[in-house]
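Peer 1: One structure coming up, written as structure tokens, with questions to follow.
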Amino acid sequence: MAIDELEYILEMWPLSDNTEDHLSSHHLLLQDRVRNETFRRAIRQVVRPGDLVLDIGAGTGILSAFALQAGARHVYLVESTDIISCAGKILKCSGWGRRATLLRAEAEKIRYVGRKVDVILIELIGSFGIDENILDVLVPVRDRALREGGSIIPRRLRLMAAPISHSGLERAMRVYHERRHGADLSPLAPLAHNNIYLFSFRTARFLAQPQKLIELDLVTCRQNRLDKRLDFEIERHGRLLGIVGWFEADLCEGISLSNHPHTNRTHWDQVMFPVGEPIPVCPGDAVSFRFRYSAAGAGDVWAWSGVVTTSDCRRVYRHSSQRRFPLRRVRTSTQLRIG
Ligand SMILES: C[S@@+](CC[C@H](N)C(=O)[O-])C[C@H]1O[C@@H](n2cnc3c(N)ncnc32)[C@H](O)[C@@H]1O
């Protein structure tokens, strides 16, 4: 195996408080050949010679480099962390220093004056598409800085979902129902169920056909609140653990990127919304899944709920990031009386 085919995770000692400044997260992105080549092809297809391009969340500037290669007249990089200084050096060393302007800022909080850009690049794509806050950041910037008829890469984002079983994760979660080392760990179970799991679901079994939960056209969408329900019909026997979620991103017409759990070749994992205790299901059983999301600007809420109906039971599940700590409060004090 060639060295660059190996997956290295570089754990770095934090030298500053801002974890995004660490090279390790950008290392992962720069090493993701599928992501990078797909963006590069899309940028080559969309960016025209002479275009002005705005790169939101520019990181190391790799997407701007692709835009410059495609003939962009000038690229404007906005990045909220110190990694922007590396982007500046990379573009300068590559001979594009004069065609790039860099700003360290939160892109949605600045004024855009002068001309509008032809293309916006934004790779704030989380494992479930929206979980890196793309809606809160993109919508205000797009409205202020993109010219009429301009392009955004990615153009569309679809959030996909499917009910799954996963014996390995189920086994791992059983720790919350057991006595371990003489201690009863079951008080952790409500927290464990009221959690979104970020994990590689490569070996998960789909219990029903995947469905599209939401499709967002990033050129026109306005909403930073999502609320959608899906109804699944179970197609095979298994133990329902939860609903797995992933994204499909149309970067432009004909060029897409996805972290579908079974075909994923990117660095992104998937997310899983547990139904609670795993439930044995059979073909013909029904699972509903209601998903609600408010972006950080609207209060940052993740909520999922639904009903599982089998021949033996009807179980309702309801979870939300607003119920992060469903356990009884522990008294706080500045004094501890001993004895
Ligand atoms: C997933 S990385 C992508 C970096 C680069 N565009 C690439 O494709 O390799 C997202 C970057 O966006 C930055 N970021 C997050 N929120 C931002 C915001 N509101 N304004 C500007 N940058 C932001 C992060 O610091 C991070 O460097």
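By convention in this document, the chains of the structure tokens carry letters A, B, ... by their order, each chain's residues are numbered from 1, and ligands are numbered from 1 in the order they are shown.
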Counting only C-alpha atoms and all ligand atoms, what residues are within 6 Å of ligand 1, given as a list in words?

Peer 2: Glu20, Leu29, Ile56, Gly57, Ala58, Gly59, Thr60, Gly61, Ile62, Leu63, Val78, Glu79, Ser80, Thr81, Ala105, Glu106, Ala107, Glu108, Glu123, Leu124 and Val137 of chain A

Peer 1: Phe39 of chain A: which residues within 12 Å, counting only C-alpha atoms, same-chain residues fewer than 5 positions away excluded, as a PyMOL selection string?

Peer 2: chain A and resi 29-30+32-34+44-47+62-67+70+121-123+152-155+249-252+255-258

Peer 1: Take the residues from that selection and write them out as a PDB file, in the first residue's frame, keeping C-alpha atoms.

Peer 2:
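Output file again-v3.pdb follows:
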```pdb
ATOM      1  CA  LEU A  29      -9.602  17.333   5.051  1.00  0.00           C
ATOM      2  CA  LEU A  30      -6.472  17.695   2.935  1.00  0.00           C
ATOM      3  CA  ASP A  32      -9.589  13.232   1.820  1.00  0.00           C
ATOM      4  CA  ARG A  33      -8.940  12.679  -1.848  1.00  0.00           C
ATOM      5  CA  VAL A  34     -12.567  11.958  -2.744  1.00  0.00           C
ATOM      6  CA  ARG A  44     -13.601  23.652 -12.629  1.00  0.00           C
ATOM      7  CA  GLN A  45     -17.115  23.234 -14.062  1.00  0.00           C
ATOM      8  CA  VAL A  46     -18.644  26.296 -12.387  1.00  0.00           C
ATOM      9  CA  VAL A  47     -15.919  28.958 -12.084  1.00  0.00           C
ATOM     10  CA  ILE A  62      -7.511  24.613  -0.792  1.00  0.00           C
ATOM     11  CA  LEU A  63     -10.866  25.419  -2.436  1.00  0.00           C
ATOM     12  CA  SER A  64      -9.611  28.897  -3.332  1.00  0.00           C
ATOM     13  CA  ALA A  65      -6.573  27.263  -4.929  1.00  0.00           C
ATOM     14  CA  PHE A  66      -8.948  25.201  -7.107  1.00  0.00           C
ATOM     15  CA  ALA A  67     -10.861  28.366  -8.060  1.00  0.00           C
ATOM     16  CA  ALA A  70     -10.003  27.393 -12.863  1.00  0.00           C
ATOM     17  CA  LEU A 121     -17.562  28.199  -2.024  1.00  0.00           C
ATOM     18  CA  ILE A 122     -18.597  26.793   1.349  1.00  0.00           C
ATOM     19  CA  GLU A 123     -17.528  23.495   2.814  1.00  0.00           C
ATOM     20  CA  ILE A 152     -22.909  28.339  -4.737  1.00  0.00           C
ATOM     21  CA  ILE A 153     -20.833  25.188  -4.342  1.00  0.00           C
ATOM     22  CA  PRO A 154     -22.478  23.030  -2.990  1.00  0.00           C
ATOM     23  CA  ARG A 155     -25.736  23.897  -4.751  1.00  0.00           C
ATOM     24  CA  ALA A 249     -24.407  17.225  -1.614  1.00  0.00           C
ATOM     25  CA  ASP A 250     -24.873  18.231  -5.259  1.00  0.00           C
ATOM     26  CA  LEU A 251     -21.808  20.422  -5.684  1.00  0.00           C
ATOM     27  CA  CYS A 252     -23.116  21.437  -9.127  1.00  0.00           C
ATOM     28  CA  ILE A 255     -21.272  16.279  -9.541  1.00  0.00           C
ATOM     29  CA  SER A 256     -22.250  14.978  -6.089  1.00  0.00           C
ATOM     30  CA  LEU A 257     -20.589  13.938  -2.876  1.00  0.00           C
ATOM     31  CA  SER A 258     -22.039  11.695  -0.166  1.00  0.00           C
TER      32      SER A 258
END
```

Peer 1: Excluding same-chain residues fewer than 3 positions from Ala204 of chain A, what lies within 9 Å of it counting only C-alpha atoms, as a ChimeraX atom specification?

Peer 2: /A:164-168,200-201,244,261-262

Peer 1: As a PyMOL selection string, please: the residues near Pro49 of chain A (cut-off 7 Å, only C-alpha atoms, same-chain neighbours under 4 positions excluded).

Peer 2: chain A and resi 70-73

Peer 1: Running DSSP on the backbone, which parts of segment 33-199 of chain A land in strand (DSSP E or B), as a count of residues only?

Peer 2: 49

Peer 1: Would you mind listing what lies within 7 Å of Tyr197 of chain A as a list in words, with only C-alpha atoms counted and same-chain residues fewer than 2 positions away left out?

Peer 2: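 My list of contacting residues is Asn195, Phe199, Val271, Met272 and Phe273 of chain A.
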
Peer 1: Residues at most 12 Å from Asp285 of chain A, counting only C-alpha atoms, excluding those fewer than 2 positions away in the same chain, as a PyMOL selection string?

Peer 2: chain A and resi 163+207-208+231-240+279-283+287-288+307-315

Peer 1: Where does DSSP see helix (DSSP H, G or I) in segment 121-225 of chain A, if you list the residues as an MDAnalysis selection string?

Peer 2: chainID A and resid 134:145 167:177 186:193

Peer 1: Measuring atom to atom with only C-alpha atoms, identify which of A:Ile338, A:Leu52, A:Val316, A:Cys221 is nearest to Leu146 of chain A.

Peer 2: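 That would be A:Leu52, the residue with the smallest distance to Leu146 of chain A.
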
Peer 1: Between A:Leu216, A:Ile134, A:Ala192, A:Leu28, single out the one closest to His177 of chain A, counting only C-alpha atoms.

Peer 2: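 Looking only at the distances to His177 of chain A, the closest residue turns out to be A:Ala192.
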
Peer 1: With distances taken over only C-alpha atoms, which of A:Arg180, A:Arg35, A:Arg142, A:Arg104 is nearest to Arg265 of chain A?

Peer 2: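 Under the stated criterion, the closest residue is A:Arg35.
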